[in-house]
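Engineer: Provided herewith is a single structure, encoded as structure tokens, for subsequent inquiry.
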Amino acid sequence: MVATVTTPRLMVVGGGSLAELPAILQRLGLGHPLVVTDPYIAGSGILDRATALLNSAGIRWSVFSDTVPDPTTAVVETGTRILAEGGFDSLVAIGGGSSIDTAKAMSVLAANGGAMREYKVPAEIPKTGPPLIAIPTTAGTGSEVTRFTVITDTETDEKMLIAGLACCPLAALVDYELTLSMPLRLTADTGLDSLTHAIEAYVSRRAHPFTDGLAKNAMSLIARHIRTACAEPGNRAAREAMMLGATTAGMAFSNSSVCLVHGMSRPIGAFFHVPHGLSNAMLLPEITAFSVPAALERYADCARAMGVAEEDEGSQAAVARLLDELRRLNEDLQVPTPRAWGIDAGRYEELLPLMASQALGSGSPANNPRIPTSDEIVELYRRVYR
Ligand SMILES: [Fe+2]
């Protein structure tokens, strides 16, 4: 099997690495970035630190700080107009997955024109746009290293997956110190998203030896540190491990794929505005139980990598421990069911056929070890609702 591996050209990783931002731009020959962020980061002091660094290096910049959670085509179009009119040579995204995904989509539209939905998977993106330096403030979506962006179509509420080299940042600046102030819920949700990336990257039909090592490394880091990062926000060792786990999980799934959990998670996010990591976590234990028979050994490896099964333990026993741990993690990190989150049972039931068709249409379920039918997806949605 021949694997194609896409990663940023440059990655700068470590506590305090935000200070390297001007040097990174200069090394890449870039001198006039549009900084893309959200109102929270703009008011948190993190944006001011970044722009002060740019000022002291004499780099001219402007800010677009109107990105939203679950970024929409409307916001991307506004950002693209600002990008086109300002004569910028690059983008610097600072924030969670939403800001980074917005900047990626702006770059795609700036170079190719048209509407975002023209580029949704499996469409190809003809041209690579202005380069992006991605600085994550969560640990995380891994978007700083992936060749994906997810944008919600304002007209249809569909969460569209857009993929290609044009969506991969030129550089990633990964500074775990930016996550020290993340609140508990965000730490838990984004950490569970990373864990889902690592597991799905490893069990995917498109996994290969290059992604396997990254995925197992990510699982090991995240599973051992997620509870501490939630309980002790200032614990630097736990924050560093979670950030490394999130970025390596991103490299893993960007080069293999995500699977059924992400396929089913996007419609829950789109229709009911459940945060992405939370909707993954609602699904992860049940989808894993559904998928295990098709990839027993791979799931047993996940249990071993996460440290919940012994290296020499049989695969059946290891997988039982994995399922146990995923359910316990949801309990410990207070992940609600869709019902407990407040999703109306009637509306949920009514939307299930459309959600199943959008899940299948995204292509992600086809990478799952056990490929579900549309009816099975509907049944799984019912099973997790509770
Ligand atoms: Fe994700």
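Following the order of the structure tokens, chains are lettered A, B, ..., residues in each are numbered from 1, and ligands are numbered from 1.
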I'd like the neighbourhood of stretch 302-317 of chain A as a list in words, where a residue qualifies if any of its atoms comes within 6 Å (using only C-alpha atoms), though same-chain residues fewer than 4 positions away should be ignored.
Structural biologist: Lys216, Met219, Ser220, Ala223 and Leu322 of chain A
Engineer: I need the chosen residues saved as a PDB file, in the first residue's frame, with N, CA and C atoms.
Structural biologist:
```
ATOM      1  N   LYS A 216      -1.465   5.767  18.175  1.00  0.00           N
ATOM      2  CA  LYS A 216      -1.258   5.106  19.479  1.00  0.00           C
ATOM      3  C   LYS A 216      -0.584   6.053  20.472  1.00  0.00           C
ATOM      4  N   MET A 219      -3.343   8.346  21.706  1.00  0.00           N
ATOM      5  CA  MET A 219      -4.238   7.671  22.663  1.00  0.00           C
ATOM      6  C   MET A 219      -3.588   7.565  24.031  1.00  0.00           C
ATOM      7  N   SER A 220      -2.307   7.203  24.022  1.00  0.00           N
ATOM      8  CA  SER A 220      -1.579   7.026  25.286  1.00  0.00           C
ATOM      9  C   SER A 220      -1.531   8.345  26.066  1.00  0.00           C
ATOM     10  N   ALA A 223      -5.408   9.532  27.059  1.00  0.00           N
ATOM     11  CA  ALA A 223      -6.090   8.705  28.058  1.00  0.00           C
ATOM     12  C   ALA A 223      -5.451   8.847  29.440  1.00  0.00           C
ATOM     13  N   LEU A 322     -11.832  -1.582  27.212  1.00  0.00           N
ATOM     14  CA  LEU A 322     -11.930  -0.344  26.422  1.00  0.00           C
ATOM     15  C   LEU A 322     -13.351   0.233  26.521  1.00  0.00           C
TER      16      LEU A 322
END
```
Engineer: Write out as a list in words each polymer residue whose atoms come within 7 Å of A:Ala249, counting only C-alpha atoms; drop sequence neighbours fewer than 2 positions from it.
Structural biologist: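 Counting only C-alpha atoms, the residues come to Gly142, Ser194, His197, Ala198, Leu214, Ala215, Ala218, Gly245, Ala246, Thr247, Met251, Ala252 and Phe253 of chain A.
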Engineer: Name the residues in contact with A:Pro372 at a cut-off of 10 Å, using only C-alpha atoms, excluding same-chain residues fewer than 6 positions from it; report them as a list in words.
Structural biologist: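 The filter keeps Leu260, Phe290, Ser291, Leu360, Pro365, Ala366, Val378 and Leu380 of chain A.
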Engineer: Return as JSON, numbers by chain the residues of protein, DNA or RNA that approach ligand 1 to within 8 Å, with only C-alpha atoms and all ligand atoms taken into account.
Structural biologist: {"A": [141, 142, 193, 194, 196, 197, 258, 262, 276, 277, 280]}
Engineer: Output C-alpha atoms for every residue in the selection just made, as an mmCIF file, in the first residue's frame.
Structural biologist:
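Now in out_37.cif:
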```cif
data_model
loop_
_atom_site.group_PDB
_atom_site.id
_atom_site.type_symbol
_atom_site.label_atom_id
_atom_site.label_comp_id
_atom_site.auth_asym_id
_atom_site.auth_seq_id
_atom_site.Cartn_x
_atom_site.Cartn_y
_atom_site.Cartn_z
ATOM 1 C CA THR A 141 -9.395 19.499 17.043
ATOM 2 C CA GLY A 142 -5.939 19.013 15.552
ATOM 3 C CA ASP A 193 -12.634 14.946 20.364
ATOM 4 C CA SER A 194 -8.874 14.271 20.217
ATOM 5 C CA THR A 196 -11.976 10.072 19.128
ATOM 6 C CA HIS A 197 -9.590 11.223 16.362
ATOM 7 C CA VAL A 258 -12.131 9.581 10.831
ATOM 8 C CA HIS A 262 -17.502 11.708 13.203
ATOM 9 C CA HIS A 276 -18.367 18.924 18.291
ATOM 10 C CA GLY A 277 -16.353 17.091 20.949
ATOM 11 C CA ASN A 280 -18.537 12.694 19.471
#
```
Engineer: So which residues of stretch 56-177 of chain A fall under alpha helix (DSSP H) by DSSP, listed as an MDAnalysis selection string?
Structural biologist: chainID A and resid 56 73:85 97:112
Engineer: Please produce an output containing C-alpha atoms for each residue in the selection, written as a PDB file, in the first residue's frame.
Structural biologist:
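New file again29.pdb:
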```
ATOM      1  CA  SER A  56       7.562  44.699  17.767  1.00  0.00           C
ATOM      2  CA  THR A  73     -20.621  29.858   4.973  1.00  0.00           C
ATOM      3  CA  ALA A  74     -21.917  33.372   5.772  1.00  0.00           C
ATOM      4  CA  VAL A  75     -18.993  34.109   8.111  1.00  0.00           C
ATOM      5  CA  VAL A  76     -16.498  32.574   5.681  1.00  0.00           C
ATOM      6  CA  GLU A  77     -17.826  34.771   2.845  1.00  0.00           C
ATOM      7  CA  THR A  78     -17.483  37.925   4.978  1.00  0.00           C
ATOM      8  CA  GLY A  79     -13.939  36.942   5.964  1.00  0.00           C
ATOM      9  CA  THR A  80     -13.019  36.189   2.348  1.00  0.00           C
ATOM     10  CA  ARG A  81     -14.118  39.681   1.252  1.00  0.00           C
ATOM     11  CA  ILE A  82     -11.916  41.260   3.943  1.00  0.00           C
ATOM     12  CA  LEU A  83      -9.024  39.017   2.909  1.00  0.00           C
ATOM     13  CA  ALA A  84      -9.407  39.928  -0.761  1.00  0.00           C
ATOM     14  CA  GLU A  85      -9.726  43.671  -0.189  1.00  0.00           C
ATOM     15  CA  GLY A  97     -10.959  24.519  15.534  1.00  0.00           C
ATOM     16  CA  SER A  98     -13.605  27.036  14.494  1.00  0.00           C
ATOM     17  CA  SER A  99     -11.175  29.898  13.892  1.00  0.00           C
ATOM     18  CA  ILE A 100      -8.653  27.663  12.146  1.00  0.00           C
ATOM     19  CA  ASP A 101     -11.367  26.045   9.998  1.00  0.00           C
ATOM     20  CA  THR A 102     -12.742  29.476   9.070  1.00  0.00           C
ATOM     21  CA  ALA A 103      -9.300  30.688   7.966  1.00  0.00           C
ATOM     22  CA  LYS A 104      -8.794  27.537   5.863  1.00  0.00           C
ATOM     23  CA  ALA A 105     -12.134  28.037   4.135  1.00  0.00           C
ATOM     24  CA  MET A 106     -11.332  31.738   3.514  1.00  0.00           C
ATOM     25  CA  SER A 107      -8.094  30.700   1.827  1.00  0.00           C
ATOM     26  CA  VAL A 108      -9.939  28.176  -0.365  1.00  0.00           C
ATOM     27  CA  LEU A 109     -12.576  30.701  -1.443  1.00  0.00           C
ATOM     28  CA  ALA A 110     -10.029  33.494  -1.994  1.00  0.00           C
ATOM     29  CA  ALA A 111      -8.105  31.339  -4.458  1.00  0.00           C
ATOM     30  CA  ASN A 112     -10.960  29.515  -6.173  1.00  0.00           C
TER      31      ASN A 112
END
```
Engineer: Write out as CSV the residues of stretch 264-383 of chain A that have any atom within 12 Å of an atom of stretch 147-162 of chain A, one row each with the nearest atom pair and its distance in Å to one decimal, counting only C-alpha atoms, sorted by chain and then rising number.
Structural biologist:
```
residue,atom,partner,partner_atom,distance
A:Met264,CA,A:Lys159,CA,10.9
A:Ser265,CA,A:Lys159,CA,9.8
A:Arg266,CA,A:Lys159,CA,6.0
A:Pro267,CA,A:Lys159,CA,6.7
A:Ile268,CA,A:Lys159,CA,9.5
A:Gly269,CA,A:Lys159,CA,7.9
A:Ala270,CA,A:Lys159,CA,5.8
A:Phe271,CA,A:Asp157,CA,6.8
A:Phe272,CA,A:Asp157,CA,10.1
A:His273,CA,A:Asp157,CA,10.2
A:His276,CA,A:Val150,CA,10.6
A:Leu354,CA,A:Glu158,CA,10.1
A:Met355,CA,A:Glu158,CA,9.4
A:Ser357,CA,A:Glu158,CA,11.0
A:Gln358,CA,A:Glu158,CA,7.6
A:Ala359,CA,A:Lys159,CA,9.7
A:Gly361,CA,A:Met160,CA,9.7
A:Ser362,CA,A:Leu161,CA,6.7
A:Gly363,CA,A:Leu161,CA,9.2
A:Ser364,CA,A:Leu161,CA,9.6
```
Engineer: Give the answer as one residue: which of A:Leu333, A:Leu47, A:Ala171, A:Ile125 has the shortest atom-to-atom distance to A:Arg27, using only C-alpha atoms?
Structural biologist: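 Among A:Leu333, A:Leu47, A:Ala171, A:Ile125, it is A:Ala171 that comes nearest to A:Arg27.
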Engineer: I'd like to know which of A:Val35, A:Ile59, A:Leu132, A:Leu278 is closest to A:Pro8, using only C-alpha atoms.
Structural biologist: A:Leu132
Engineer: Have a look at atom CA of A:Ala295 and atom CA of A:Arg227 and let me know their distance in Å, one decimal.
Structural biologist: 27.3 Å
Engineer: What does the distance between atom CA of A:Ile94 and atom CA of A:Thr179 come to in Å, to one decimal place?
Structural biologist: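 It comes out at 11.8 Å.
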Engineer: What is the distance, in Å and to one decimal place, between atom CA of A:Gly86 and atom CA of A:Ala123?
Structural biologist: 28.6 Å
Engineer: What's around A:Gln334 at 12 Å? Count only C-alpha atoms, leave out sequence neighbours fewer than 2 positions away in its own chain, and write the answer as JSON, numbers by chain.
Structural biologist: {"A": [184, 185, 186, 187, 188, 189, 192, 227, 230, 278, 281, 282, 327, 328, 329, 330, 331, 332, 336, 337, 340, 341]}
Engineer: Restricting the calculation to only C-alpha atoms: of A:Asp66, A:Ile226, A:Ala237, A:Val12, which residue gets closest to A:Thr37?
Structural biologist: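 Between A:Asp66, A:Ile226, A:Ala237, A:Val12, the residue approaching A:Thr37 most closely is A:Asp66.
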Engineer: Given only C-alpha atoms as the basis, pick out the residue of A:Met11, A:Met242, A:Ile135, A:Ala207 nearest to A:Ala50.
Structural biologist: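 Under the stated criterion, the closest residue is A:Ile135.
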Engineer: Go through A:Val36, A:Met116, A:Val319, A:Ala19 and flag the residue nearest A:Pro293, using only C-alpha atoms for the distances.
Structural biologist: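 Going through A:Val36, A:Met116, A:Val319, A:Ala19 one by one, the smallest distance to A:Pro293 is for A:Val319.
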Engineer: Could you give me, as a PyMOL selection string, each residue of stretch 146-362 of chain A that DSSP assigns to strand (DSSP E or B) when run on this structure's backbone?
Structural biologist: chain A and resi 148-152+159-163+171-174
Engineer: Please produce an output containing N, CA and C atoms for each residue in the selection, written as a tab-separated table (two decimals), in the first residue's frame.
Structural biologist:
```
chain	number	residue	atom	x	y	z
A	148	PHE	N	-8.30	19.17	6.50
A	148	PHE	CA	-9.76	19.26	6.48
A	148	PHE	C	-10.24	20.60	7.04
A	149	THR	N	-11.42	21.01	6.59
A	149	THR	CA	-12.16	22.04	7.30
A	149	THR	C	-13.64	21.63	7.26
A	150	VAL	N	-14.37	21.98	8.31
A	150	VAL	CA	-15.80	21.65	8.37
A	150	VAL	C	-16.57	22.96	8.47
A	151	ILE	N	-17.41	23.22	7.48
A	151	ILE	CA	-18.16	24.48	7.41
A	151	ILE	C	-19.65	24.16	7.28
A	152	THR	N	-20.47	24.86	8.08
A	152	THR	CA	-21.92	24.65	8.01
A	152	THR	C	-22.53	25.54	6.94
A	159	LYS	N	-23.41	20.32	7.84
A	159	LYS	CA	-21.99	20.50	8.18
A	159	LYS	C	-21.18	19.83	7.07
A	160	MET	N	-20.55	20.63	6.22
A	160	MET	CA	-19.85	20.10	5.05
A	160	MET	C	-18.39	19.83	5.37
A	161	LEU	N	-17.91	18.68	4.93
A	161	LEU	CA	-16.49	18.35	5.07
A	161	LEU	C	-15.80	18.76	3.78
A	162	ILE	N	-14.74	19.55	3.92
A	162	ILE	CA	-13.96	20.01	2.76
A	162	ILE	C	-12.52	19.56	2.99
A	163	ALA	N	-11.92	18.92	1.99
A	163	ALA	CA	-10.63	18.27	2.22
A	163	ALA	C	-9.67	18.53	1.07
A	171	ALA	N	2.12	26.30	8.28
A	171	ALA	CA	2.86	26.14	9.53
A	171	ALA	C	1.88	26.01	10.70
A	172	ALA	N	2.30	25.26	11.71
A	172	ALA	CA	1.52	25.14	12.95
A	172	ALA	C	2.41	25.57	14.11
A	173	LEU	N	1.83	26.40	14.97
A	173	LEU	CA	2.56	26.86	16.15
A	173	LEU	C	1.78	26.31	17.35
A	174	VAL	N	2.38	25.35	18.05
A	174	VAL	CA	1.64	24.58	19.05
A	174	VAL	C	2.19	24.87	20.44
```
Engineer: When distances are computed from only C-alpha atoms, which of A:Tyr299, A:Asp48, A:Ala93, A:Asp175 shows the smallest separation from A:Glu20?
Structural biologist: A:Asp175
